[in-house]
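Here is the structure we will look at.
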Amino acid sequence: MSTNVLRTRDGWWAVRDERAVRVETKAVTTAELLADRDAVREAATSAEKGTPVADLVALPPVTTPCRVVAQMVNYRSHARDSGFRGEIPPTFFRKASGSVSGPHEAIVRPAHVKFLDYEVELGLVMGASLPVGTVVEESDLPSYVAGLVLTNDVSARDVQLTKTQFYESKSYPTFTPTGPYLALLEPEDFDRLIDLRLRLSVNGVPRQDRTLADMIVRPAQALTLLARFQTLDPGDLLLTGTPGGTALKAPPKPVEKISALLPPAVKWKAFFKGQAKNPRYLRNGDLITATIATPDGRIDLGEQRSPVADAR
């Protein structure tokens with residue numbers, strides 16, 4: 001069964017139900033912790049009563065700097081929302097690791113961003129090096145992936161679309177809330193990945209709700225494709241895409257065809273004029289709640305509660 005690990009300013013903790021036991025380790029980084037799994041197991045099976053989890057302030061369980069890579073349009077429901085038809089080529093992009101923030105920190109909207117969006121995503125945390133040229137079969141996943149984290153790929157849509165710029169639009173500080181838990185998996189847990197259910201709500205209103213059965217390119221294939229050109233190391237993070245339900249939706253096909261004939265400046269001005277009427281984009285004071293878990297709770301990555309705040 002998976003073991004949930006929490007990180008605070010005081011170190012690492014193994015979580016059992018609503019209590020946490022300190023992991024006796026010298027590890028500072030996630031990679032160092034993954035190399036000290038015995039200490040995690042010892043804390044997880046300790047008879048010590050522990051500390052209430054509610055009394056601990058969670059930091060992101062993925063330490064930085066690290067590589068943060070993400071998959072684009074990797075759920076069928078998101079592909080439909082985005083207007084894709086037919087086969088979708090697997091696509092990756094990088095995020096700055098400086099965007100990684102705690103699970104309950106405020107997501108800060110930069111002053112120049114008007115259309116802020118959310119994307120709940122399952123994050124894979126690497127436990128071993130993935131050299132260029134590696135082929136990963138489903139049975140190989142436990143050899144490369146140490147655990148899972150809950151993430152939110154926050155996106156500045158006006159930057160992303162007008163500049164065709166994923167790196168900037170998704171890399172501002174606080175744009176990758178991560179945690180609260182790093183779920184360290186046992187080999188048998190990987191068979192349950194397909195049952196993981198991703199949920200996100202804004203101010204208590206459900207926005208996203210899908211299982212990994214909706215995923216197009218699953219983790220083993222994604223790592224194989226990524227390894228054609230990218231090395232990953234222990235502690236690196238791969239975000240595996242988001243389900244449908246984001247604020248951004250593709251315009252109807254007739255509108256899309258007409259807008260394609262317009263000069264870019266005119267096209268985007270008209271598009272965002274329409275988007276300004278969309279109430280689903282994030283605003284100052286909103287609260288995003290996100291979870292990822294299997295129905296039986298065997299794998300449960302905890303809950304993120306992220307308020308949205310405007311930059312001062």
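A note on labels: chains of the structure tokens are A, B, ... as shown, every chain counts residues from 1, and ligands are counted from 1 in their shown order.
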Please identify which residues in region 13-240 of chain A DSSP calls strand (DSSP E) from the backbone, and express them as a compact mmCIF listing (two decimals) with all heavy atoms, in the first residue's frame.
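Output file part38.txt is given in full below:
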```txt
# COMPACT_ATOMS: atom_id res chain seq x y z
N TRP A 13 7.62 13.85 7.08
CA TRP A 13 6.73 13.13 7.98
C TRP A 13 6.01 12.02 7.19
O TRP A 13 5.57 12.24 6.07
CB TRP A 13 5.67 14.06 8.56
CG TRP A 13 6.22 15.26 9.26
CD1 TRP A 13 6.80 16.36 8.69
CD2 TRP A 13 6.24 15.48 10.67
NE1 TRP A 13 7.18 17.27 9.65
CE2 TRP A 13 6.84 16.75 10.89
CE3 TRP A 13 5.79 14.75 11.77
CZ2 TRP A 13 7.01 17.29 12.15
CZ3 TRP A 13 5.96 15.29 13.04
CH2 TRP A 13 6.57 16.55 13.22
N ALA A 14 5.89 10.84 7.81
CA ALA A 14 5.07 9.77 7.26
C ALA A 14 3.67 9.90 7.84
O ALA A 14 3.51 10.02 9.06
CB ALA A 14 5.66 8.41 7.59
N VAL A 15 2.67 9.90 6.98
CA VAL A 15 1.30 10.17 7.40
C VAL A 15 0.52 8.87 7.54
O VAL A 15 0.52 8.02 6.63
CB VAL A 15 0.60 11.11 6.39
CG1 VAL A 15 -0.86 11.33 6.78
CG2 VAL A 15 1.35 12.44 6.31
N ARG A 16 -0.15 8.72 8.67
CA ARG A 16 -1.06 7.60 8.91
C ARG A 16 -2.39 8.18 9.35
O ARG A 16 -2.48 8.75 10.44
CB ARG A 16 -0.51 6.66 9.98
CG ARG A 16 0.84 6.02 9.67
CD ARG A 16 1.08 4.83 10.59
NE ARG A 16 0.93 5.18 11.99
CZ ARG A 16 1.96 5.43 12.81
NH1 ARG A 16 3.19 5.38 12.35
NH2 ARG A 16 1.76 5.73 14.07
N ARG A 19 -2.69 11.52 11.44
CA ARG A 19 -1.51 11.83 12.24
C ARG A 19 -0.25 11.57 11.42
O ARG A 19 -0.26 10.82 10.44
CB ARG A 19 -1.50 11.01 13.53
CG ARG A 19 -2.76 11.22 14.37
CD ARG A 19 -2.64 10.59 15.74
NE ARG A 19 -1.77 11.36 16.63
CZ ARG A 19 -2.19 12.40 17.35
NH1 ARG A 19 -3.45 12.81 17.27
NH2 ARG A 19 -1.36 13.04 18.15
N ALA A 20 0.84 12.22 11.83
CA ALA A 20 2.09 12.12 11.10
C ALA A 20 3.24 11.85 12.07
O ALA A 20 3.29 12.41 13.16
CB ALA A 20 2.36 13.41 10.33
N VAL A 21 4.15 10.99 11.63
CA VAL A 21 5.34 10.65 12.41
C VAL A 21 6.57 11.16 11.68
O VAL A 21 6.71 10.93 10.46
CB VAL A 21 5.43 9.12 12.63
CG1 VAL A 21 6.74 8.76 13.33
CG2 VAL A 21 4.23 8.62 13.42
N ARG A 22 7.42 11.84 12.39
CA ARG A 22 8.61 12.40 11.77
C ARG A 22 9.51 11.29 11.19
O ARG A 22 9.73 10.26 11.83
CB ARG A 22 9.41 13.21 12.80
CG ARG A 22 10.57 13.99 12.18
CD ARG A 22 11.41 14.64 13.26
NE ARG A 22 10.62 15.58 14.04
CZ ARG A 22 10.43 16.85 13.69
NH1 ARG A 22 10.93 17.30 12.55
NH2 ARG A 22 9.73 17.66 14.47
N THR A 51 1.96 13.34 15.42
CA THR A 51 1.42 14.69 15.50
C THR A 51 0.20 14.81 14.58
O THR A 51 0.22 14.28 13.47
CB THR A 51 2.49 15.71 15.04
OG1 THR A 51 3.63 15.60 15.90
CG2 THR A 51 1.96 17.14 15.08
N PRO A 52 -0.85 15.50 15.01
CA PRO A 52 -2.00 15.69 14.11
C PRO A 52 -1.57 16.40 12.82
O PRO A 52 -0.87 17.42 12.87
CB PRO A 52 -2.95 16.57 14.93
CG PRO A 52 -2.59 16.30 16.35
CD PRO A 52 -1.10 16.07 16.35
N VAL A 68 10.65 20.32 -14.28
CA VAL A 68 9.19 20.20 -14.28
C VAL A 68 8.75 20.17 -15.74
O VAL A 68 8.90 21.15 -16.47
CB VAL A 68 8.51 21.37 -13.55
CG1 VAL A 68 6.99 21.18 -13.55
CG2 VAL A 68 9.03 21.49 -12.12
N VAL A 69 8.25 19.02 -16.18
CA VAL A 69 7.81 18.81 -17.56
C VAL A 69 6.32 18.52 -17.53
O VAL A 69 5.81 17.93 -16.56
CB VAL A 69 8.57 17.64 -18.21
CG1 VAL A 69 8.21 17.51 -19.69
CG2 VAL A 69 10.08 17.82 -18.06
N ALA A 70 5.60 18.93 -18.56
CA ALA A 70 4.15 18.72 -18.59
C ALA A 70 3.70 18.23 -19.97
O ALA A 70 4.33 18.53 -20.98
CB ALA A 70 3.42 20.02 -18.23
N GLN A 71 2.61 17.47 -19.95
CA GLN A 71 1.99 17.00 -21.19
C GLN A 71 0.83 17.92 -21.56
O GLN A 71 0.05 18.33 -20.69
CB GLN A 71 1.46 15.58 -21.01
CG GLN A 71 2.54 14.54 -20.85
CD GLN A 71 1.97 13.15 -20.58
OE1 GLN A 71 1.97 12.69 -19.45
NE2 GLN A 71 1.47 12.50 -21.62
N MET A 72 0.71 18.20 -22.83
CA MET A 72 -0.35 19.09 -23.32
C MET A 72 -1.48 18.25 -23.93
O MET A 72 -1.23 17.30 -24.67
CB MET A 72 0.22 20.04 -24.38
CG MET A 72 -0.78 21.06 -24.90
SD MET A 72 -0.09 22.14 -26.17
CE MET A 72 -0.11 21.03 -27.58
N THR A 91 2.54 15.94 -26.96
CA THR A 91 3.33 17.17 -26.89
C THR A 91 3.72 17.45 -25.45
O THR A 91 2.91 17.30 -24.54
CB THR A 91 2.52 18.36 -27.45
OG1 THR A 91 2.10 18.06 -28.77
CG2 THR A 91 3.36 19.63 -27.48
N PHE A 92 4.97 17.88 -25.26
CA PHE A 92 5.49 18.21 -23.93
C PHE A 92 5.94 19.66 -23.90
O PHE A 92 6.30 20.23 -24.93
CB PHE A 92 6.68 17.32 -23.57
CG PHE A 92 6.38 15.85 -23.54
CD1 PHE A 92 6.54 15.06 -24.69
CD2 PHE A 92 5.93 15.24 -22.39
CE1 PHE A 92 6.26 13.70 -24.66
CE2 PHE A 92 5.64 13.88 -22.35
CZ PHE A 92 5.81 13.11 -23.49
N PHE A 93 5.93 20.25 -22.72
CA PHE A 93 6.51 21.57 -22.53
C PHE A 93 7.10 21.64 -21.13
O PHE A 93 6.80 20.82 -20.26
CB PHE A 93 5.46 22.69 -22.73
CG PHE A 93 4.28 22.61 -21.82
CD1 PHE A 93 4.26 23.27 -20.59
CD2 PHE A 93 3.14 21.88 -22.18
CE1 PHE A 93 3.16 23.20 -19.75
CE2 PHE A 93 2.03 21.81 -21.34
CZ PHE A 93 2.05 22.47 -20.12
N ARG A 94 7.98 22.61 -20.92
CA ARG A 94 8.63 22.77 -19.62
C ARG A 94 7.97 23.90 -18.83
O ARG A 94 7.44 24.85 -19.40
CB ARG A 94 10.12 23.10 -19.81
CG ARG A 94 10.96 21.93 -20.29
CD ARG A 94 11.20 20.88 -19.23
NE ARG A 94 12.05 21.37 -18.15
CZ ARG A 94 13.37 21.30 -18.15
NH1 ARG A 94 14.01 20.74 -19.17
NH2 ARG A 94 14.06 21.76 -17.12
N LYS A 95 8.01 23.75 -17.52
CA LYS A 95 7.60 24.80 -16.60
C LYS A 95 8.81 25.14 -15.72
O LYS A 95 9.61 24.26 -15.39
CB LYS A 95 6.45 24.34 -15.69
CG LYS A 95 5.17 24.01 -16.41
CD LYS A 95 4.02 23.77 -15.43
CE LYS A 95 3.65 25.03 -14.69
NZ LYS A 95 2.33 24.98 -14.05
N VAL A 100 6.66 26.12 -8.60
CA VAL A 100 6.16 25.14 -7.63
C VAL A 100 5.91 25.83 -6.28
O VAL A 100 6.77 26.54 -5.76
CB VAL A 100 7.17 23.98 -7.46
CG1 VAL A 100 6.74 23.05 -6.32
CG2 VAL A 100 7.30 23.20 -8.76
N SER A 101 4.72 25.61 -5.74
CA SER A 101 4.33 26.24 -4.48
C SER A 101 3.60 25.23 -3.61
O SER A 101 3.26 24.12 -4.06
CB SER A 101 3.45 27.47 -4.72
OG SER A 101 2.30 27.12 -5.48
N ILE A 107 -2.51 31.40 -4.94
CA ILE A 107 -2.09 31.52 -6.34
C ILE A 107 -2.19 33.00 -6.69
O ILE A 107 -3.26 33.61 -6.59
CB ILE A 107 -3.01 30.70 -7.25
CG1 ILE A 107 -2.86 29.21 -6.94
CG2 ILE A 107 -2.71 30.97 -8.72
CD1 ILE A 107 -3.92 28.33 -7.57
N VAL A 108 -1.07 33.58 -7.06
CA VAL A 108 -1.01 35.03 -7.27
C VAL A 108 -1.11 35.35 -8.76
O VAL A 108 -0.28 34.92 -9.56
CB VAL A 108 0.29 35.61 -6.70
CG1 VAL A 108 0.34 37.12 -6.94
CG2 VAL A 108 0.40 35.31 -5.20
N ARG A 109 -2.15 36.09 -9.11
CA ARG A 109 -2.36 36.50 -10.51
C ARG A 109 -1.56 37.76 -10.79
O ARG A 109 -1.81 38.81 -10.18
CB ARG A 109 -3.84 36.76 -10.77
CG ARG A 109 -4.16 37.14 -12.21
CD ARG A 109 -5.65 37.41 -12.41
NE ARG A 109 -6.08 38.59 -11.69
CZ ARG A 109 -6.00 39.84 -12.18
NH1 ARG A 109 -5.50 40.07 -13.39
NH2 ARG A 109 -6.44 40.86 -11.46
N LEU A 116 -7.03 33.93 -15.98
CA LEU A 116 -6.30 32.94 -15.18
C LEU A 116 -7.13 31.67 -15.09
O LEU A 116 -8.30 31.70 -14.72
CB LEU A 116 -6.03 33.51 -13.79
CG LEU A 116 -5.07 32.72 -12.90
CD1 LEU A 116 -3.66 32.77 -13.48
CD2 LEU A 116 -5.07 33.28 -11.48
N ASP A 117 -6.49 30.54 -15.42
CA ASP A 117 -7.21 29.27 -15.51
C ASP A 117 -6.55 28.22 -14.62
O ASP A 117 -5.41 28.37 -14.19
CB ASP A 117 -7.23 28.80 -16.97
CG ASP A 117 -8.44 27.96 -17.31
OD1 ASP A 117 -9.18 27.55 -16.40
OD2 ASP A 117 -8.66 27.72 -18.52
N VAL A 120 -6.23 20.73 -12.88
CA VAL A 120 -5.80 19.71 -11.94
C VAL A 120 -5.07 18.62 -12.71
O VAL A 120 -5.50 18.20 -13.79
CB VAL A 120 -7.00 19.12 -11.15
CG1 VAL A 120 -8.01 18.44 -12.07
CG2 VAL A 120 -6.51 18.16 -10.08
N GLU A 121 -3.91 18.17 -12.19
CA GLU A 121 -3.10 17.20 -12.90
C GLU A 121 -2.43 16.23 -11.93
O GLU A 121 -2.06 16.60 -10.82
CB GLU A 121 -2.03 17.88 -13.75
CG GLU A 121 -2.59 18.91 -14.72
CD GLU A 121 -1.73 19.12 -15.96
OE1 GLU A 121 -0.77 18.34 -16.16
OE2 GLU A 121 -2.03 20.06 -16.71
N LEU A 122 -2.28 14.99 -12.39
CA LEU A 122 -1.50 14.00 -11.66
C LEU A 122 -0.03 14.20 -12.00
O LEU A 122 0.36 14.24 -13.17
CB LEU A 122 -1.93 12.59 -12.07
CG LEU A 122 -1.12 11.45 -11.46
CD1 LEU A 122 -1.36 11.36 -9.96
CD2 LEU A 122 -1.45 10.13 -12.14
N GLY A 123 0.80 14.33 -10.95
CA GLY A 123 2.23 14.47 -11.15
C GLY A 123 2.96 13.18 -10.83
O GLY A 123 2.70 12.55 -9.80
N LEU A 124 3.87 12.77 -11.72
CA LEU A 124 4.73 11.62 -11.47
C LEU A 124 6.07 12.13 -10.95
O LEU A 124 6.69 13.00 -11.57
CB LEU A 124 4.97 10.83 -12.76
CG LEU A 124 3.76 10.41 -13.59
CD1 LEU A 124 4.22 9.58 -14.79
CD2 LEU A 124 2.76 9.63 -12.75
N VAL A 125 6.52 11.59 -9.84
CA VAL A 125 7.80 11.97 -9.26
C VAL A 125 8.80 10.85 -9.55
O VAL A 125 8.58 9.70 -9.15
CB VAL A 125 7.69 12.22 -7.75
CG1 VAL A 125 9.05 12.60 -7.17
CG2 VAL A 125 6.68 13.32 -7.48
N MET A 126 9.87 11.20 -10.23
CA MET A 126 10.83 10.20 -10.64
C MET A 126 11.63 9.69 -9.44
O MET A 126 12.03 10.48 -8.58
CB MET A 126 11.77 10.76 -11.70
CG MET A 126 11.07 11.29 -12.95
SD MET A 126 10.06 10.04 -13.77
CE MET A 126 11.34 8.87 -14.28
N VAL A 145 9.32 5.42 -11.54
CA VAL A 145 8.44 6.36 -10.84
C VAL A 145 8.37 5.95 -9.37
O VAL A 145 7.96 4.84 -9.04
CB VAL A 145 7.04 6.38 -11.46
CG1 VAL A 145 6.12 7.29 -10.66
CG2 VAL A 145 7.11 6.84 -12.91
N ALA A 146 8.76 6.89 -8.49
CA ALA A 146 8.73 6.59 -7.05
C ALA A 146 7.37 6.87 -6.45
O ALA A 146 6.93 6.17 -5.54
CB ALA A 146 9.79 7.42 -6.33
N GLY A 147 6.71 7.92 -6.94
CA GLY A 147 5.44 8.29 -6.32
C GLY A 147 4.66 9.29 -7.13
O GLY A 147 5.03 9.66 -8.25
N LEU A 148 3.56 9.75 -6.52
CA LEU A 148 2.60 10.62 -7.18
C LEU A 148 2.35 11.85 -6.32
O LEU A 148 2.41 11.79 -5.09
CB LEU A 148 1.28 9.89 -7.40
CG LEU A 148 1.32 8.51 -8.04
CD1 LEU A 148 -0.07 7.89 -8.03
CD2 LEU A 148 1.87 8.59 -9.45
N VAL A 149 2.03 12.97 -6.99
CA VAL A 149 1.61 14.17 -6.29
C VAL A 149 0.43 14.80 -7.02
O VAL A 149 0.27 14.63 -8.23
CB VAL A 149 2.74 15.22 -6.16
CG1 VAL A 149 3.80 14.78 -5.17
CG2 VAL A 149 3.36 15.54 -7.52
N LEU A 150 -0.37 15.51 -6.27
CA LEU A 150 -1.45 16.32 -6.81
C LEU A 150 -0.87 17.67 -7.22
O LEU A 150 -0.14 18.30 -6.46
CB LEU A 150 -2.52 16.50 -5.74
CG LEU A 150 -3.60 17.57 -5.89
CD1 LEU A 150 -4.43 17.33 -7.13
CD2 LEU A 150 -4.48 17.59 -4.65
N THR A 151 -1.16 18.10 -8.45
CA THR A 151 -0.67 19.40 -8.91
C THR A 151 -1.79 20.17 -9.60
O THR A 151 -2.82 19.61 -9.99
CB THR A 151 0.50 19.26 -9.90
OG1 THR A 151 0.03 18.66 -11.12
CG2 THR A 151 1.62 18.41 -9.32
N ASN A 152 -1.56 21.46 -9.76
CA ASN A 152 -2.48 22.34 -10.50
C ASN A 152 -1.62 23.14 -11.47
O ASN A 152 -0.76 23.92 -11.05
CB ASN A 152 -3.22 23.26 -9.52
CG ASN A 152 -4.29 24.10 -10.20
OD1 ASN A 152 -4.40 24.13 -11.42
ND2 ASN A 152 -5.09 24.80 -9.40
N SER A 155 -2.63 28.54 -15.43
CA SER A 155 -2.28 29.06 -16.75
C SER A 155 -2.81 30.46 -16.98
O SER A 155 -3.99 30.74 -16.74
CB SER A 155 -2.87 28.14 -17.85
OG SER A 155 -2.47 26.80 -17.65
N ALA A 156 -1.92 31.33 -17.49
CA ALA A 156 -2.32 32.67 -17.92
C ALA A 156 -2.70 32.56 -19.40
O ALA A 156 -1.83 32.59 -20.28
CB ALA A 156 -1.17 33.65 -17.73
N THR A 176 2.27 26.40 -9.91
CA THR A 176 2.22 24.94 -9.83
C THR A 176 2.05 24.51 -8.37
O THR A 176 2.96 23.95 -7.75
CB THR A 176 3.50 24.28 -10.41
OG1 THR A 176 3.83 24.89 -11.67
CG2 THR A 176 3.27 22.78 -10.66
N PRO A 177 0.88 24.74 -7.77
CA PRO A 177 0.63 24.20 -6.44
C PRO A 177 0.84 22.68 -6.45
O PRO A 177 0.34 21.99 -7.35
CB PRO A 177 -0.83 24.56 -6.17
CG PRO A 177 -1.10 25.73 -7.08
CD PRO A 177 -0.27 25.48 -8.30
N LEU A 182 3.27 13.44 -0.98
CA LEU A 182 3.97 12.62 -1.96
C LEU A 182 3.60 11.18 -1.60
O LEU A 182 3.96 10.69 -0.52
CB LEU A 182 5.49 12.83 -1.86
CG LEU A 182 6.38 11.80 -2.56
CD1 LEU A 182 6.07 11.73 -4.05
CD2 LEU A 182 7.85 12.10 -2.31
N ALA A 183 2.85 10.55 -2.49
CA ALA A 183 2.43 9.16 -2.25
C ALA A 183 3.48 8.23 -2.84
O ALA A 183 3.59 8.10 -4.06
CB ALA A 183 1.07 8.90 -2.89
N LEU A 184 4.28 7.61 -1.97
CA LEU A 184 5.29 6.65 -2.41
C LEU A 184 4.61 5.32 -2.66
O LEU A 184 3.94 4.78 -1.77
CB LEU A 184 6.38 6.52 -1.34
CG LEU A 184 7.16 7.82 -1.04
CD1 LEU A 184 8.19 7.57 0.04
CD2 LEU A 184 7.82 8.35 -2.31
N ARG A 197 -9.07 9.28 -9.55
CA ARG A 197 -10.09 10.24 -9.97
C ARG A 197 -9.62 11.65 -9.63
O ARG A 197 -9.29 11.95 -8.49
CB ARG A 197 -11.40 9.94 -9.26
CG ARG A 197 -12.57 10.79 -9.73
CD ARG A 197 -13.87 10.30 -9.11
NE ARG A 197 -15.02 11.03 -9.60
CZ ARG A 197 -16.27 10.76 -9.24
NH1 ARG A 197 -16.50 9.77 -8.39
NH2 ARG A 197 -17.28 11.48 -9.73
N LEU A 198 -9.57 12.49 -10.64
CA LEU A 198 -9.14 13.88 -10.49
C LEU A 198 -10.37 14.77 -10.36
O LEU A 198 -11.27 14.72 -11.22
CB LEU A 198 -8.32 14.34 -11.70
CG LEU A 198 -6.91 13.76 -11.88
CD1 LEU A 198 -6.98 12.30 -12.33
CD2 LEU A 198 -6.13 14.57 -12.92
N ARG A 199 -10.40 15.58 -9.30
CA ARG A 199 -11.53 16.48 -9.09
C ARG A 199 -11.02 17.88 -8.75
O ARG A 199 -10.04 18.01 -8.00
CB ARG A 199 -12.41 15.99 -7.94
CG ARG A 199 -13.16 14.71 -8.20
CD ARG A 199 -13.94 14.30 -6.97
NE ARG A 199 -14.82 13.17 -7.21
CZ ARG A 199 -15.55 12.58 -6.28
NH1 ARG A 199 -15.49 13.01 -5.02
NH2 ARG A 199 -16.32 11.56 -6.56
N LEU A 200 -11.69 18.87 -9.27
CA LEU A 200 -11.38 20.26 -8.93
C LEU A 200 -12.67 21.06 -8.89
O LEU A 200 -13.54 20.90 -9.76
CB LEU A 200 -10.40 20.87 -9.94
CG LEU A 200 -9.96 22.32 -9.68
CD1 LEU A 200 -8.49 22.52 -10.06
CD2 LEU A 200 -10.84 23.31 -10.44
N SER A 201 -12.78 21.91 -7.87
CA SER A 201 -13.93 22.81 -7.77
C SER A 201 -13.42 24.21 -7.47
O SER A 201 -12.32 24.40 -6.97
CB SER A 201 -14.89 22.34 -6.67
OG SER A 201 -14.26 22.41 -5.40
N VAL A 202 -14.24 25.19 -7.82
CA VAL A 202 -13.95 26.59 -7.52
C VAL A 202 -15.11 27.13 -6.70
O VAL A 202 -16.27 27.08 -7.14
CB VAL A 202 -13.76 27.42 -8.80
CG1 VAL A 202 -13.47 28.88 -8.45
CG2 VAL A 202 -12.61 26.86 -9.64
N VAL A 205 -18.03 24.82 -6.38
CA VAL A 205 -18.74 24.40 -7.60
C VAL A 205 -17.83 23.48 -8.42
O VAL A 205 -16.74 23.89 -8.82
CB VAL A 205 -19.14 25.61 -8.45
CG1 VAL A 205 -19.86 25.15 -9.71
CG2 VAL A 205 -20.02 26.56 -7.64
N PRO A 206 -18.24 22.22 -8.67
CA PRO A 206 -17.38 21.30 -9.43
C PRO A 206 -17.08 21.81 -10.83
O PRO A 206 -17.96 22.32 -11.53
CB PRO A 206 -18.22 20.02 -9.49
CG PRO A 206 -19.16 20.11 -8.32
CD PRO A 206 -19.48 21.57 -8.20
N ARG A 207 -15.82 21.68 -11.24
CA ARG A 207 -15.39 22.09 -12.57
C ARG A 207 -14.79 20.93 -13.37
O ARG A 207 -15.03 20.80 -14.56
CB ARG A 207 -14.36 23.23 -12.47
CG ARG A 207 -14.87 24.51 -11.83
CD ARG A 207 -15.79 25.29 -12.74
NE ARG A 207 -16.24 26.54 -12.15
CZ ARG A 207 -15.56 27.70 -12.21
NH1 ARG A 207 -14.40 27.75 -12.83
NH2 ARG A 207 -16.06 28.79 -11.66
N GLN A 208 -13.97 20.10 -12.69
CA GLN A 208 -13.31 18.99 -13.37
C GLN A 208 -13.53 17.71 -12.56
O GLN A 208 -13.45 17.72 -11.33
CB GLN A 208 -11.80 19.25 -13.50
CG GLN A 208 -11.46 20.44 -14.40
CD GLN A 208 -9.96 20.64 -14.52
OE1 GLN A 208 -9.33 21.21 -13.64
NE2 GLN A 208 -9.38 20.18 -15.62
N ASP A 209 -13.79 16.60 -13.28
CA ASP A 209 -14.05 15.33 -12.60
C ASP A 209 -13.90 14.20 -13.62
O ASP A 209 -14.81 13.93 -14.40
CB ASP A 209 -15.45 15.34 -11.99
CG ASP A 209 -15.72 14.12 -11.12
OD1 ASP A 209 -14.91 13.18 -11.12
OD2 ASP A 209 -16.77 14.11 -10.44
N ARG A 210 -12.74 13.54 -13.62
CA ARG A 210 -12.47 12.43 -14.53
C ARG A 210 -11.49 11.46 -13.88
O ARG A 210 -10.73 11.83 -12.99
CB ARG A 210 -11.85 12.92 -15.85
CG ARG A 210 -12.80 13.62 -16.82
CD ARG A 210 -13.79 12.65 -17.44
NE ARG A 210 -14.52 13.24 -18.55
CZ ARG A 210 -15.54 14.08 -18.44
NH1 ARG A 210 -15.93 14.46 -17.24
NH2 ARG A 210 -16.16 14.55 -19.50
N THR A 211 -11.48 10.22 -14.36
CA THR A 211 -10.46 9.26 -13.95
C THR A 211 -9.39 9.18 -15.03
O THR A 211 -9.54 9.72 -16.14
CB THR A 211 -11.05 7.86 -13.73
OG1 THR A 211 -11.46 7.32 -15.00
CG2 THR A 211 -12.24 7.91 -12.78
N LEU A 237 9.79 16.06 -11.92
CA LEU A 237 8.32 16.00 -11.89
C LEU A 237 7.75 16.05 -13.30
O LEU A 237 8.10 16.93 -14.09
CB LEU A 237 7.79 17.18 -11.07
CG LEU A 237 6.28 17.38 -10.96
CD1 LEU A 237 5.62 16.19 -10.28
CD2 LEU A 237 5.98 18.67 -10.19
N LEU A 238 6.86 15.11 -13.61
CA LEU A 238 6.13 15.11 -14.89
C LEU A 238 4.65 15.28 -14.61
O LEU A 238 4.03 14.44 -13.95
CB LEU A 238 6.37 13.81 -15.66
CG LEU A 238 5.51 13.62 -16.92
CD1 LEU A 238 5.80 14.71 -17.96
CD2 LEU A 238 5.72 12.23 -17.53
N LEU A 239 4.06 16.37 -15.11
CA LEU A 239 2.62 16.60 -15.03
C LEU A 239 1.98 15.94 -16.24
O LEU A 239 2.44 16.13 -17.38
CB LEU A 239 2.31 18.09 -15.02
CG LEU A 239 2.44 18.84 -13.69
CD1 LEU A 239 3.85 18.74 -13.13
CD2 LEU A 239 2.06 20.31 -13.87
```
Discussion item. Let's see if you can do this: from backbone DSSP, list all alpha helix (DSSP H) residues in region 124-233 of chain A, as JSON, numbers by chain.
Written reply: {"A": [141, 142, 143, 144, 157, 158, 159, 160, 161, 162, 163, 166, 167, 168, 169, 219, 220, 221, 222, 223, 224, 225, 226]}
Worksheet item: How far is it from CA of Gly127 (chain A) to CA of Thr240 (chain A), in Å with one decimal?
Response: 16.4 Å
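CA of Thr291 (chain A) sits 25.0 Å away from CA of Arg37 (chain A).
Reported to one decimal place, the separation of CA of Ala250 (chain A) from CA of Asp81 (chain A) is 6.1 Å.
Residue nearest Thr63 (chain A), chosen from A:Ala44, A:Ala128, A:Leu34, A:Ala213 and counting only C-alpha atoms: A:Leu34.
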Item to complete: Give me the residues within 6 Å of Pro243 (chain A) as a VMD selection string, counting only C-alpha atoms and dropping any in the same chain fewer than 3 places off.
Response: chain A and resid 75 77 to 78
Worksheet, complete the sentence: With distances taken over only C-alpha atoms, the candidate from A:Ala47, A:Val113, A:Ala96, A:Ala35 nearest Pro65 (chain A) is A:Ala96
Write out as a tab-separated table a residue-level contact list of region 17-96 of chain A versus region 300-308 of chain A with cut-off 12 Å: for each qualifying residue the closest pair of atoms and the distance in Å to one decimal, counting only C-alpha atoms, rows sorted by chain and residue number upward.
```
residue	atom	partner	partner_atom	distance
A:Asp17	CA	A:Asp300	CA	10.6
A:Glu18	CA	A:Gly302	CA	10.9
A:Val53	CA	A:Gly302	CA	11.2
A:Ala58	CA	A:Gln304	CA	10.2
A:Leu59	CA	A:Gln304	CA	11.5
A:Pro60	CA	A:Gln304	CA	10.8
A:Pro61	CA	A:Leu301	CA	11.1
```
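In this comparison, which uses only C-alpha atoms, the residue of A:Arg228, A:Lys114, A:Lys49, A:His104 approaching Leu130 (chain A) most closely is A:Arg228.
Compared by their closest atoms to Gly245 (chain A), and using only C-alpha atoms, the residues A:Glu186, A:Asp10, A:Asp36, A:Glu119 rank with A:Glu119 nearest.
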Practice prompt. Mind checking which residues fall within 8 Å of region 271-282 of chain A, counting only C-alpha atoms, ignoring those fewer than 2 positions away in the same chain, and posting them as a PyMOL selection string?
Written response: chain A and resi 115-118+158+246-248+267-269+284+286+308
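The list of residues with at least one atom within 9 Å of Arg76 (chain A), based on only C-alpha atoms and without residues fewer than 6 positions apart in the same chain, reads Asp214, Met215, Ile216, Pro243 and Gly244 of chain A.
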